[in-house]
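Dumped run-v3.json below, it's JSON, C-alpha atoms and all ligand atoms:
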```
[["chain", "number", "residue", "atom", "x", "y", "z"],
["A", 1, "MET", "CA", 89.24, 75.75, 97.86],
["A", 2, "SER", "CA", 91.49, 75.35, 100.85],
["A", 3, "PHE", "CA", 89.94, 75.66, 104.29],
["A", 4, "HIS", "CA", 92.31, 78.62, 104.70],
["A", 5, "PRO", "CA", 90.54, 81.69, 103.34],
["A", 6, "VAL", "CA", 92.62, 84.31, 101.50],
["A", 7, "GLU", "CA", 91.44, 87.67, 102.71],
["A", 8, "GLN", "CA", 91.64, 90.27, 99.96],
["A", 9, "ALA", "CA", 93.31, 93.61, 100.68],
["A", 10, "THR", "CA", 91.42, 96.88, 100.14],
["A", 11, "ALA", "CA", 90.45, 96.96, 96.46],
["A", 12, "ARG", "CA", 92.01, 99.82, 94.56],
["A", 13, "LEU", "CA", 92.52, 100.54, 90.87],
["A", 14, "ASN", "CA", 96.27, 100.28, 90.38],
["A", 15, "ARG", "CA", 96.86, 99.87, 86.64],
["A", 16, "SER", "CA", 99.36, 102.72, 86.50],
["A", 17, "GLU", "CA", 101.46, 104.10, 89.35],
["A", 18, "LEU", "CA", 103.23, 107.36, 88.60],
["A", 19, "ALA", "CA", 106.51, 108.17, 90.35],
["A", 20, "VAL", "CA", 106.96, 111.87, 91.13],
["A", 21, "PRO", "CA", 110.11, 113.13, 92.89],
["A", 22, "GLY", "CA", 109.29, 114.98, 96.11],
["A", 23, "SER", "CA", 112.05, 117.43, 95.22],
["A", 24, "GLN", "CA", 110.17, 118.57, 92.08],
["A", 25, "PRO", "CA", 106.98, 120.19, 93.42],
["A", 26, "GLN", "CA", 106.46, 121.97, 90.09],
["A", 27, "MET", "CA", 105.50, 118.53, 88.71],
["A", 28, "PHE", "CA", 102.71, 117.95, 91.25],
["A", 29, "GLU", "CA", 99.87, 119.78, 89.45],
["A", 30, "LYS", "CA", 100.54, 118.03, 86.17],
["A", 31, "ALA", "CA", 100.68, 114.68, 87.93],
["A", 32, "ALA", "CA", 97.34, 115.43, 89.62],
["A", 33, "GLU", "CA", 95.77, 116.08, 86.20],
["A", 34, "SER", "CA", 97.16, 112.87, 84.70],
["A", 35, "ASP", "CA", 95.30, 109.59, 84.21],
["A", 36, "ALA", "CA", 97.46, 107.70, 86.70],
["A", 37, "ASP", "CA", 95.47, 105.52, 89.10],
["A", 38, "VAL", "CA", 98.03, 105.85, 91.89],
["A", 39, "ILE", "CA", 100.73, 108.49, 92.42],
["A", 40, "PHE", "CA", 103.67, 108.04, 94.71],
["A", 41, "LEU", "CA", 105.54, 111.11, 95.82],
["A", 42, "ASP", "CA", 109.10, 110.02, 96.26],
["A", 43, "LEU", "CA", 111.34, 110.81, 99.19],
["A", 44, "GLU", "CA", 113.79, 108.01, 98.44],
["A", 45, "ASP", "CA", 115.95, 107.35, 95.41],
["A", 46, "ALA", "CA", 114.86, 110.24, 93.17],
["A", 47, "VAL", "CA", 115.90, 112.70, 95.89],
["A", 48, "ALA", "CA", 119.52, 113.62, 96.65],
["A", 49, "PRO", "CA", 120.61, 113.58, 100.33],
["A", 50, "ASP", "CA", 120.87, 117.38, 100.49],
["A", 51, "GLU", "CA", 117.30, 117.72, 99.28],
["A", 52, "LYS", "CA", 115.66, 115.19, 101.59],
["A", 53, "GLU", "CA", 114.32, 117.66, 104.15],
["A", 54, "GLN", "CA", 112.97, 120.10, 101.61],
["A", 55, "ALA", "CA", 111.42, 117.24, 99.63],
["A", 56, "ARG", "CA", 109.59, 116.07, 102.76],
["A", 57, "LYS", "CA", 108.18, 119.57, 103.25],
["A", 58, "ASN", "CA", 107.15, 119.74, 99.58],
["A", 59, "VAL", "CA", 105.36, 116.43, 99.85],
["A", 60, "ILE", "CA", 103.42, 117.47, 102.96],
["A", 61, "LYS", "CA", 102.40, 120.77, 101.37],
["A", 62, "GLY", "CA", 101.57, 119.07, 98.07],
["A", 63, "LEU", "CA", 99.40, 116.42, 99.72],
["A", 64, "ASN", "CA", 97.47, 119.07, 101.62],
["A", 65, "GLU", "CA", 97.13, 121.72, 98.95],
["A", 66, "VAL", "CA", 96.99, 120.11, 95.50],
["A", 67, "ASP", "CA", 93.63, 118.77, 94.33],
["A", 68, "TRP", "CA", 94.49, 115.14, 93.62],
["A", 69, "GLY", "CA", 90.90, 114.24, 92.77],
["A", 70, "ASN", "CA", 90.08, 110.61, 93.38],
["A", 71, "LYS", "CA", 93.62, 109.38, 92.88],
["A", 72, "SER", "CA", 95.18, 107.06, 95.42],
["A", 73, "MET", "CA", 98.09, 108.91, 96.99],
["A", 74, "SER", "CA", 101.23, 107.27, 98.27],
["A", 75, "VAL", "CA", 104.57, 108.45, 99.63],
["A", 76, "ARG", "CA", 107.74, 106.44, 99.20],
["A", 77, "ILE", "CA", 109.62, 106.84, 102.45],
["A", 78, "ASN", "CA", 113.35, 106.29, 102.80],
["A", 79, "GLY", "CA", 114.73, 102.88, 103.72],
["A", 80, "LEU", "CA", 114.70, 101.60, 107.28],
["A", 81, "ASP", "CA", 118.50, 101.69, 107.30],
["A", 82, "THR", "CA", 118.55, 105.50, 106.96],
["A", 83, "HIS", "CA", 117.96, 108.20, 109.55],
["A", 84, "TYR", "CA", 115.50, 109.93, 107.19],
["A", 85, "MET", "CA", 112.90, 107.22, 107.51],
["A", 86, "TYR", "CA", 111.51, 107.93, 110.99],
["A", 87, "ARG", "CA", 110.97, 111.62, 110.17],
["A", 88, "ASP", "CA", 109.40, 110.70, 106.84],
["A", 89, "VAL", "CA", 106.81, 108.61, 108.65],
["A", 90, "VAL", "CA", 106.26, 110.95, 111.60],
["A", 91, "ASP", "CA", 106.10, 114.22, 109.67],
["A", 92, "VAL", "CA", 104.15, 112.99, 106.64],
["A", 93, "VAL", "CA", 101.58, 110.96, 108.58],
["A", 94, "GLU", "CA", 101.15, 113.59, 111.30],
["A", 95, "GLN", "CA", 100.88, 116.51, 108.92],
["A", 96, "ALA", "CA", 99.28, 115.01, 105.81],
["A", 97, "GLY", "CA", 97.95, 111.64, 106.95],
["A", 98, "GLU", "CA", 94.36, 112.44, 106.11],
["A", 99, "ARG", "CA", 95.06, 112.69, 102.36],
["A", 100, "LEU", "CA", 97.51, 109.82, 102.37],
["A", 101, "ASP", "CA", 96.18, 106.43, 101.23],
["A", 102, "LEU", "CA", 99.38, 104.45, 101.14],
["A", 103, "ILE", "CA", 102.97, 104.35, 102.32],
["A", 104, "MET", "CA", 105.47, 102.73, 100.00],
["A", 105, "ILE", "CA", 108.26, 100.93, 101.84],
["A", 106, "PRO", "CA", 111.39, 100.50, 99.72],
["A", 107, "LYS", "CA", 113.90, 97.67, 100.04],
["A", 108, "VAL", "CA", 111.77, 95.86, 102.59],
["A", 109, "GLY", "CA", 113.79, 92.87, 103.71],
["A", 110, "THR", "CA", 111.96, 91.11, 106.52],
["A", 111, "ALA", "CA", 108.55, 90.92, 108.16],
["A", 112, "ALA", "CA", 110.04, 92.84, 111.09],
["A", 113, "ASP", "CA", 110.61, 95.84, 108.79],
["A", 114, "VAL", "CA", 106.88, 95.90, 108.09],
["A", 115, "TYR", "CA", 106.09, 95.49, 111.79],
["A", 116, "ALA", "CA", 108.27, 98.47, 112.69],
["A", 117, "VAL", "CA", 106.56, 100.84, 110.25],
["A", 118, "ASP", "CA", 103.14, 99.47, 111.20],
["A", 119, "MET", "CA", 103.83, 100.24, 114.85],
["A", 120, "MET", "CA", 104.86, 103.83, 114.09],
["A", 121, "VAL", "CA", 101.93, 104.50, 111.76],
["A", 122, "THR", "CA", 99.46, 102.99, 114.23],
["A", 123, "GLN", "CA", 100.68, 105.23, 117.05],
["A", 124, "ILE", "CA", 100.47, 108.35, 114.90],
["A", 125, "GLU", "CA", 97.03, 107.49, 113.54],
["A", 126, "ASP", "CA", 95.74, 106.84, 117.05],
["A", 127, "ALA", "CA", 97.28, 110.02, 118.45],
["A", 128, "LYS", "CA", 95.78, 112.09, 115.63],
["A", 129, "GLY", "CA", 92.43, 110.32, 115.79],
["A", 130, "TYR", "CA", 92.45, 109.43, 112.08],
["A", 131, "GLU", "CA", 89.59, 107.13, 111.12],
["A", 132, "LYS", "CA", 91.08, 105.87, 107.86],
["A", 133, "ARG", "CA", 93.88, 103.31, 108.01],
["A", 134, "ILE", "CA", 96.87, 103.94, 105.72],
["A", 135, "GLY", "CA", 97.83, 100.94, 103.58],
["A", 136, "PHE", "CA", 101.30, 99.63, 102.72],
["A", 137, "GLU", "CA", 102.93, 99.03, 99.37],
["A", 138, "HIS", "CA", 106.17, 97.05, 99.55],
["A", 139, "ILE", "CA", 108.91, 97.16, 96.98],
["A", 140, "ILE", "CA", 110.49, 93.74, 96.63],
["A", 141, "GLU", "CA", 113.87, 94.80, 95.31],
["A", 142, "THR", "CA", 116.57, 92.99, 97.22],
["A", 143, "ALA", "CA", 117.63, 89.38, 97.44],
["A", 144, "LEU", "CA", 116.65, 89.48, 101.11],
["A", 145, "GLY", "CA", 113.20, 90.85, 100.32],
["A", 146, "MET", "CA", 112.65, 88.18, 97.69],
["A", 147, "GLN", "CA", 113.84, 85.45, 100.06],
["A", 148, "ASN", "CA", 111.34, 86.64, 102.68],
["A", 149, "VAL", "CA", 108.56, 87.71, 100.34],
["A", 150, "THR", "CA", 106.06, 85.24, 101.82],
["A", 151, "GLU", "CA", 106.50, 86.48, 105.40],
["A", 152, "ILE", "CA", 106.54, 90.12, 104.25],
["A", 153, "SER", "CA", 103.24, 89.61, 102.41],
["A", 154, "ALA", "CA", 101.55, 88.34, 105.57],
["A", 155, "ALA", "CA", 103.20, 90.78, 108.00],
["A", 156, "SER", "CA", 100.47, 93.43, 108.36],
["A", 157, "LYS", "CA", 96.78, 94.02, 107.84],
["A", 158, "ARG", "CA", 97.84, 97.24, 106.16],
["A", 159, "ASN", "CA", 99.54, 95.39, 103.28],
["A", 160, "GLU", "CA", 97.92, 96.10, 99.93],
["A", 161, "SER", "CA", 100.49, 95.47, 97.20],
["A", 162, "LEU", "CA", 103.91, 94.15, 96.28],
["A", 163, "HIS", "CA", 106.00, 95.96, 93.65],
["A", 164, "PHE", "CA", 108.89, 94.49, 91.71],
["A", 165, "GLY", "CA", 111.75, 97.01, 91.95],
["A", 166, "VAL", "CA", 113.80, 95.68, 89.11],
["A", 167, "ALA", "CA", 116.60, 98.27, 89.29],
["A", 168, "ASP", "CA", 117.57, 97.65, 92.90],
["A", 169, "TYR", "CA", 116.85, 93.96, 92.51],
["A", 170, "ALA", "CA", 119.41, 93.79, 89.73],
["A", 171, "ALA", "CA", 121.93, 95.63, 91.91],
["A", 172, "SER", "CA", 121.22, 93.40, 94.91],
["A", 173, "THR", "CA", 121.43, 90.13, 93.01],
["A", 174, "ARG", "CA", 124.28, 91.43, 90.81],
["A", 175, "ALA", "CA", 122.29, 90.61, 87.74],
["A", 176, "ARG", "CA", 123.80, 91.71, 84.45],
["A", 177, "THR", "CA", 121.63, 94.44, 83.10],
["A", 178, "THR", "CA", 122.18, 97.73, 81.43],
["A", 179, "ILE", "CA", 118.81, 99.43, 81.44],
["A", 180, "ILE", "CA", 116.13, 99.48, 84.15],
["A", 181, "GLY", "CA", 113.66, 96.68, 83.46],
["A", 182, "GLY", "CA", 115.21, 95.85, 80.11],
["A", 183, "VAL", "CA", 116.36, 92.44, 78.95],
["A", 184, "ASN", "CA", 119.81, 91.09, 78.19],
["A", 185, "LYS", "CA", 120.68, 89.21, 75.01],
["A", 186, "ASP", "CA", 122.97, 86.95, 77.01],
["A", 187, "TYR", "CA", 119.86, 85.48, 78.63],
["A", 188, "SER", "CA", 118.90, 83.56, 75.52],
["A", 189, "VAL", "CA", 118.72, 80.10, 74.05],
["A", 190, "LEU", "CA", 120.28, 79.02, 70.81],
["A", 191, "THR", "CA", 118.14, 76.73, 68.70],
["A", 192, "ASP", "CA", 119.54, 73.54, 67.21],
["A", 193, "PRO", "CA", 120.84, 74.03, 63.66],
["A", 194, "ASP", "CA", 118.19, 73.77, 60.93],
["A", 195, "ALA", "CA", 118.74, 71.82, 57.67],
["A", 196, "ASP", "CA", 121.06, 74.59, 56.42],
["A", 197, "GLY", "CA", 123.00, 74.69, 59.68],
["A", 198, "ASN", "CA", 121.50, 78.03, 60.74],
["A", 199, "ARG", "CA", 120.78, 78.66, 64.41],
["A", 200, "ALA", "CA", 118.41, 81.24, 65.85],
["A", 201, "THR", "CA", 118.77, 83.13, 69.12],
["A", 202, "HIS", "CA", 115.63, 83.47, 71.26],
["A", 203, "TRP", "CA", 115.88, 86.11, 73.90],
["A", 204, "GLY", "CA", 114.53, 85.10, 77.29],
["A", 205, "ASP", "CA", 112.97, 87.16, 80.05],
["A", 206, "MET", "CA", 115.59, 87.36, 82.78],
["A", 207, "TRP", "CA", 112.99, 88.74, 85.24],
["A", 208, "HIS", "CA", 110.56, 85.88, 84.88],
["A", 209, "TYR", "CA", 111.38, 83.98, 88.06],
["A", 210, "ALA", "CA", 111.49, 87.05, 90.28],
["A", 211, "LEU", "CA", 108.23, 88.45, 89.02],
["A", 212, "ALA", "CA", 106.45, 85.10, 89.14],
["A", 213, "ARG", "CA", 107.73, 84.48, 92.68],
["A", 214, "MET", "CA", 106.43, 87.85, 93.81],
["A", 215, "VAL", "CA", 103.06, 87.33, 92.12],
["A", 216, "VAL", "CA", 102.53, 84.05, 93.97],
["A", 217, "ALA", "CA", 103.34, 85.59, 97.36],
["A", 218, "ALA", "CA", 101.09, 88.56, 96.66],
["A", 219, "ARG", "CA", 98.10, 86.54, 95.46],
["A", 220, "ALA", "CA", 98.42, 83.94, 98.21],
["A", 221, "ASN", "CA", 98.01, 86.79, 100.68],
["A", 222, "GLY", "CA", 95.31, 88.75, 98.88],
["A", 223, "LEU", "CA", 97.65, 91.54, 97.71],
["A", 224, "ARG", "CA", 98.04, 93.24, 94.31],
["A", 225, "PRO", "CA", 101.23, 92.38, 92.42],
["A", 226, "ILE", "CA", 102.54, 95.42, 90.53],
["A", 227, "ASP", "CA", 105.43, 95.54, 88.08],
["A", 228, "GLY", "CA", 108.00, 98.27, 88.67],
["A", 229, "PRO", "CA", 109.90, 100.67, 86.45],
["A", 230, "PHE", "CA", 110.97, 100.55, 82.82],
["A", 231, "GLY", "CA", 113.74, 103.07, 82.40],
["A", 232, "ASP", "CA", 113.80, 103.77, 78.67],
["A", 233, "PHE", "CA", 110.84, 106.11, 78.36],
["A", 234, "LYS", "CA", 111.61, 106.65, 74.67],
["A", 235, "ASP", "CA", 110.81, 102.99, 74.00],
["A", 236, "PRO", "CA", 107.01, 102.56, 74.31],
["A", 237, "ASP", "CA", 107.13, 99.19, 72.55],
["A", 238, "GLY", "CA", 109.70, 97.88, 75.02],
["A", 239, "TYR", "CA", 107.57, 99.21, 77.88],
["A", 240, "LYS", "CA", 104.43, 97.54, 76.57],
["A", 241, "ALA", "CA", 106.21, 94.25, 76.01],
["A", 242, "ALA", "CA", 107.40, 94.29, 79.63],
["A", 243, "ALA", "CA", 103.94, 95.29, 80.86],
["A", 244, "TYR", "CA", 102.24, 92.51, 78.87],
["A", 245, "ARG", "CA", 104.66, 89.93, 80.26],
["A", 246, "ALA", "CA", 103.86, 91.12, 83.78],
["A", 247, "ALA", "CA", 100.11, 91.19, 83.11],
["A", 248, "VAL", "CA", 100.19, 87.67, 81.68],
["A", 249, "LEU", "CA", 101.82, 86.46, 84.91],
["A", 250, "GLY", "CA", 99.12, 88.09, 87.04],
["A", 251, "CYS", "CA", 100.34, 91.63, 87.76],
["A", 252, "GLU", "CA", 97.59, 94.21, 87.71],
["A", 253, "GLY", "CA", 99.64, 97.36, 87.28],
["A", 254, "LYS", "CA", 102.97, 98.85, 86.33],
["A", 255, "TRP", "CA", 104.93, 101.92, 87.32],
["A", 256, "ALA", "CA", 105.24, 104.94, 85.12],
["A", 257, "ILE", "CA", 108.50, 106.80, 85.65],
["A", 258, "HIS", "CA", 107.50, 109.25, 82.92],
["A", 259, "PRO", "CA", 104.02, 110.65, 82.17],
["A", 260, "SER", "CA", 104.10, 109.09, 78.68],
["A", 261, "GLN", "CA", 104.05, 105.63, 80.28],
["A", 262, "ILE", "CA", 100.72, 106.19, 82.10],
["A", 263, "ALA", "CA", 98.51, 105.60, 79.05],
["A", 264, "LEU", "CA", 100.57, 102.55, 78.10],
["A", 265, "ALA", "CA", 100.10, 101.01, 81.55],
["A", 266, "ASN", "CA", 96.38, 101.80, 81.63],
["A", 267, "GLU", "CA", 95.94, 100.23, 78.20],
["A", 268, "VAL", "CA", 97.86, 97.04, 78.93],
["A", 269, "MET", "CA", 96.38, 96.55, 82.41],
["A", 270, "SER", "CA", 92.74, 97.03, 81.35],
["A", 271, "PRO", "CA", 90.88, 94.05, 79.92],
["A", 272, "SER", "CA", 90.11, 94.56, 76.22],
["A", 273, "GLU", "CA", 86.52, 94.77, 74.87],
["A", 274, "GLU", "CA", 87.09, 91.40, 73.29],
["A", 275, "GLU", "CA", 88.11, 89.81, 76.60],
["A", 276, "ILE", "CA", 85.12, 91.32, 78.41],
["A", 277, "THR", "CA", 82.69, 90.07, 75.75],
["A", 278, "LYS", "CA", 84.24, 86.62, 75.90],
["A", 279, "ALA", "CA", 84.00, 86.59, 79.69],
["A", 280, "GLY", "CA", 80.29, 87.49, 79.45],
["A", 281, "ARG", "CA", 79.70, 84.63, 77.00],
["A", 282, "ILE", "CA", 81.50, 82.17, 79.30],
["A", 283, "LEU", "CA", 79.30, 83.19, 82.22],
["A", 284, "GLU", "CA", 76.15, 82.85, 80.09],
["A", 285, "ALA", "CA", 77.21, 79.46, 78.72],
["A", 286, "MET", "CA", 78.02, 78.18, 82.19],
["A", 287, "ALA", "CA", 74.71, 79.46, 83.59],
["A", 288, "GLU", "CA", 72.91, 77.52, 80.84],
["A", 289, "ALA", "CA", 75.05, 74.45, 81.50],
["A", 290, "GLU", "CA", 74.28, 74.58, 85.19],
["A", 291, "ALA", "CA", 70.55, 74.93, 84.51],
["A", 292, "ALA", "CA", 70.84, 71.80, 82.36],
["A", 293, "GLY", "CA", 72.64, 69.99, 85.20],
["A", 294, "LYS", "CA", 76.08, 70.00, 83.54],
["A", 295, "GLY", "CA", 79.39, 71.12, 85.07],
["A", 296, "ALA", "CA", 81.34, 71.52, 81.87],
["A", 297, "VAL", "CA", 80.40, 72.43, 78.30],
["A", 298, "SER", "CA", 82.10, 73.46, 75.12],
["A", 299, "LEU", "CA", 82.19, 77.06, 73.90],
["A", 300, "ASP", "CA", 83.74, 77.90, 70.50],
["A", 301, "GLY", "CA", 85.13, 74.37, 70.39],
["A", 302, "ARG", "CA", 86.90, 74.62, 73.77],
["A", 303, "LEU", "CA", 86.09, 73.12, 77.12],
["A", 304, "ILE", "CA", 84.89, 75.46, 79.86],
["A", 305, "ASP", "CA", 84.08, 74.53, 83.44],
["A", 306, "TYR", "CA", 83.74, 76.07, 86.90],
["A", 307, "ALA", "CA", 87.36, 77.34, 86.79],
["A", 308, "SER", "CA", 86.39, 79.27, 83.65],
["A", 309, "ILE", "CA", 83.65, 80.99, 85.66],
["A", 310, "ARG", "CA", 86.21, 82.16, 88.20],
["A", 311, "GLN", "CA", 88.53, 83.47, 85.49],
["A", 312, "ALA", "CA", 85.65, 85.25, 83.73],
["A", 313, "GLU", "CA", 84.46, 86.77, 87.00],
["A", 314, "VAL", "CA", 87.91, 88.26, 87.65],
["A", 315, "LEU", "CA", 87.74, 90.02, 84.27],
["A", 316, "VAL", "CA", 84.19, 91.26, 84.73],
["A", 317, "GLU", "CA", 85.04, 92.52, 88.21],
["A", 318, "LYS", "CA", 88.07, 94.40, 86.85],
["A", 319, "ALA", "CA", 85.97, 95.99, 84.08],
["A", 320, "LYS", "CA", 83.47, 97.17, 86.69],
["A", 321, "GLN", "CA", 86.26, 98.61, 88.85],
["A", 322, "ILE", "CA", 87.62, 100.56, 85.86],
["A", 323, "ALA", "CA", 84.16, 101.84, 84.94],
["A", 324, "GLY", "CA", 84.07, 103.18, 88.50],
["P", 1, "LIG", "C1", 112.58, 100.72, 92.16],
["P", 1, "LIG", "O1", 112.67, 101.28, 93.19],
["P", 1, "LIG", "C2", 113.64, 99.97, 91.60],
["P", 1, "LIG", "O2", 114.70, 99.89, 92.25],
["P", 1, "LIG", "O3", 113.46, 99.43, 90.50],
["P", 2, "MG", "MG", 114.57, 100.93, 94.15]]
```

Could you take the file, read its structure, and then write that structure out as structure tokens?
Amino acid sequence: MSFHPVEQATARLNRSELAVPGSQPQMFEKAAESDADVIFLDLEDAVAPDEKEQARKNVIKGLNEVDWGNKSMSVRINGLDTHYMYRDVVDVVEQAGERLDLIMIPKVGTAADVYAVDMMVTQIEDAKGYEKRIGFEHIIETALGMQNVTEISAASKRNESLHFGVADYAASTRARTTIIGGVNKDYSVLTDPDADGNRATHWGDMWHYALARMVVAARANGLRPIDGPFGDFKDPDGYKAAAYRAAVLGCEGKWAIHPSQIALANEVMSPSEEEITKAGRILEAMAEAEAAGKGAVSLDGRLIDYASIRQAEVLVEKAKQIAG
């Protein structure tokens, strides 16, 4: 390991993160009964300008009055370039800060954005005498945010997670996309002709670089990388394919913009029985190897070593977290 220790953010189950518009309080009870690990009540893009003030009131009331059980609760505030943002922070943290676990900061662009919100939240928490510290979730969804993702990740002790906001990211980078989080057939490779002259088209994942870049910044700073929305909620297979790609890269959760996506996210982001059993066998085999004075052995015909222990431990730890 490096001499530089990576301090891990507060551990929190974050396989699924349900988006609920603050302007739709009739949805709050159902959301509270869902299996989502985290819920964010939205004051930003799901809320029209005329509804912003009422949505803020709904969110405060909802946080205080609905029984959210042991769910982690977040509020997505408006962007720092709007005049809604300061009231979002002041009113929500002052009036509902005790039930609030996280603040989601959209379109974060620089470390100074994080600093500004941190300063406000710190003053309010101190003034109110709250003991718990509210954490931050950052949506990386602009070219500027992606350019500065490393500094953003390290900008506050409150930071817990980075989220890939694919819809705004596409708008900001002017990527060619038609559906939120979907893929584009123009991002493909054409194989060389086979013996009959036929060529196949292999679709690529146009989000690969962005997601991988965000995962590295998150993990290097002890944060959770979380994949963002998938717009076509009538396409569970497409959702799962996107979630698996994100999970394979290291993400530990994905947004649900519709209740039907919660179970899909929880399934994809939980280690399977098979993986947990395999992890247990790796740990046993390595313990035996160590007792015999060896650093590497073979299991099922494959080499395992101390790095395998670390991988297996991550899985076992996750399974324990899910079991509660
Ligand atoms: C989320 O906010 C997104 O823009 O995808
Ligand atoms: Mg967005």

Neighbours of point (102.9, 95.9, 98.7) within 10 Å, using all atoms listed in the file, written as an MDAnalysis selection string: chainID A and resid 102:106 108 135:140 152:153 158:164 218 223:226

Spatial neighbours of Ala154 of chain A, 10 Å, all atoms listed in the file, chain gap at least 6 places, as a count of residues only: 8

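The closest residue to Gln95 of chain A, picked from A:Arg199, A:Lys107, A:Arg76, A:Lys128 and counting all atoms listed in the file, is A:Lys128.
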
Nearby polymer residues, ligand LIG 1 (chain P), at most 9 Å, only C-alpha atoms and all ligand atoms, as a list of chain:residue names: A:Glu44, A:Asp45, A:Pro106, A:Lys107, A:Ile139, A:Ile140, A:Glu141, A:Thr142, A:His163, A:Phe164, A:Gly165, A:Val166, A:Ala167, A:Asp168, A:Tyr169, A:Ala170, A:Ala171, A:Ile180, A:Gly181, A:Gly228, A:Pro229, A:Phe230, A:Gly231

Dump of C-alpha atoms for the selected residues, as a compact mmCIF listing (two decimals), in the coordinates of the input:
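The resulting file, result.txt, is shown below:
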```txt
# COMPACT_ATOMS: atom_id res chain seq x y z
CA GLU A 44 113.79 108.01 98.44
CA ASP A 45 115.95 107.35 95.41
CA PRO A 106 111.39 100.50 99.72
CA LYS A 107 113.90 97.67 100.04
CA ILE A 139 108.91 97.16 96.98
CA ILE A 140 110.49 93.74 96.63
CA GLU A 141 113.87 94.80 95.31
CA THR A 142 116.57 92.99 97.22
CA HIS A 163 106.00 95.96 93.65
CA PHE A 164 108.89 94.49 91.71
CA GLY A 165 111.75 97.01 91.95
CA VAL A 166 113.80 95.68 89.11
CA ALA A 167 116.60 98.27 89.29
CA ASP A 168 117.57 97.65 92.90
CA TYR A 169 116.85 93.96 92.51
CA ALA A 170 119.41 93.79 89.73
CA ALA A 171 121.93 95.63 91.91
CA ILE A 180 116.13 99.48 84.15
CA GLY A 181 113.66 96.68 83.46
CA GLY A 228 108.00 98.27 88.67
CA PRO A 229 109.90 100.67 86.45
CA PHE A 230 110.97 100.55 82.82
CA GLY A 231 113.74 103.07 82.40
```

Test item: residues at most 10 Å from segment 314-320 of chain A, only C-alpha atoms, excluding those fewer than 4 positions along its chain, as JSON, numbers by chain: {"A": [13, 252, 269, 270, 271, 272, 273, 275, 276, 277, 278, 279, 280, 283, 308, 309, 310, 324]}

Just C-alpha atoms for this one: save the residues we selected as a PDB file, in the frame of the given file.
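For reference, again.pdb as written:
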```
ATOM      1  CA  LEU A  13      92.520 100.540  90.870  1.00  0.00           C
ATOM      2  CA  GLU A 252      97.590  94.210  87.710  1.00  0.00           C
ATOM      3  CA  MET A 269      96.380  96.550  82.410  1.00  0.00           C
ATOM      4  CA  SER A 270      92.740  97.030  81.350  1.00  0.00           C
ATOM      5  CA  PRO A 271      90.880  94.050  79.920  1.00  0.00           C
ATOM      6  CA  SER A 272      90.110  94.560  76.220  1.00  0.00           C
ATOM      7  CA  GLU A 273      86.520  94.770  74.870  1.00  0.00           C
ATOM      8  CA  GLU A 275      88.110  89.810  76.600  1.00  0.00           C
ATOM      9  CA  ILE A 276      85.120  91.320  78.410  1.00  0.00           C
ATOM     10  CA  THR A 277      82.690  90.070  75.750  1.00  0.00           C
ATOM     11  CA  LYS A 278      84.240  86.620  75.900  1.00  0.00           C
ATOM     12  CA  ALA A 279      84.000  86.590  79.690  1.00  0.00           C
ATOM     13  CA  GLY A 280      80.290  87.490  79.450  1.00  0.00           C
ATOM     14  CA  LEU A 283      79.300  83.190  82.220  1.00  0.00           C
ATOM     15  CA  SER A 308      86.390  79.270  83.650  1.00  0.00           C
ATOM     16  CA  ILE A 309      83.650  80.990  85.660  1.00  0.00           C
ATOM     17  CA  ARG A 310      86.210  82.160  88.200  1.00  0.00           C
ATOM     18  CA  GLY A 324      84.070 103.180  88.500  1.00  0.00           C
TER      19      GLY A 324
END
```

Mind rebuilding segment 113-119 of chain A with N, CA, C and O atoms and writing that out as a PDB file, keeping the file's coordinate frame?
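To be explicit, this is the file written out as result-v5.pdb:
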```
ATOM      1  N   ASP A 113     110.609  94.483 109.370  1.00  0.00           N
ATOM      2  CA  ASP A 113     110.610  95.840 108.790  1.00  0.00           C
ATOM      3  C   ASP A 113     109.174  96.362 108.708  1.00  0.00           C
ATOM      4  O   ASP A 113     108.879  97.514 109.035  1.00  0.00           O
ATOM      5  N   VAL A 114     108.289  95.508 108.253  1.00  0.00           N
ATOM      6  CA  VAL A 114     106.880  95.900 108.090  1.00  0.00           C
ATOM      7  C   VAL A 114     106.278  96.201 109.467  1.00  0.00           C
ATOM      8  O   VAL A 114     105.573  97.188 109.665  1.00  0.00           O
ATOM      9  N   TYR A 115     106.601  95.350 110.418  1.00  0.00           N
ATOM     10  CA  TYR A 115     106.090  95.490 111.790  1.00  0.00           C
ATOM     11  C   TYR A 115     106.500  96.851 112.369  1.00  0.00           C
ATOM     12  O   TYR A 115     105.710  97.551 113.000  1.00  0.00           O
ATOM     13  N   ALA A 116     107.755  97.215 112.127  1.00  0.00           N
ATOM     14  CA  ALA A 116     108.270  98.470 112.690  1.00  0.00           C
ATOM     15  C   ALA A 116     107.498  99.674 112.137  1.00  0.00           C
ATOM     16  O   ALA A 116     107.103 100.571 112.887  1.00  0.00           O
ATOM     17  N   VAL A 117     107.274  99.687 110.847  1.00  0.00           N
ATOM     18  CA  VAL A 117     106.560 100.840 110.250  1.00  0.00           C
ATOM     19  C   VAL A 117     105.099 100.808 110.688  1.00  0.00           C
ATOM     20  O   VAL A 117     104.501 101.846 110.998  1.00  0.00           O
ATOM     21  N   ASP A 118     104.528  99.625 110.754  1.00  0.00           N
ATOM     22  CA  ASP A 118     103.140  99.470 111.200  1.00  0.00           C
ATOM     23  C   ASP A 118     102.970 100.065 112.605  1.00  0.00           C
ATOM     24  O   ASP A 118     102.025 100.824 112.879  1.00  0.00           O
ATOM     25  N   MET A 119     103.911  99.742 113.475  1.00  0.00           N
ATOM     26  CA  MET A 119     103.830 100.240 114.850  1.00  0.00           C
ATOM     27  C   MET A 119     103.857 101.765 114.872  1.00  0.00           C
ATOM     28  O   MET A 119     103.040 102.411 115.538  1.00  0.00           O
TER      29      MET A 119
END
```
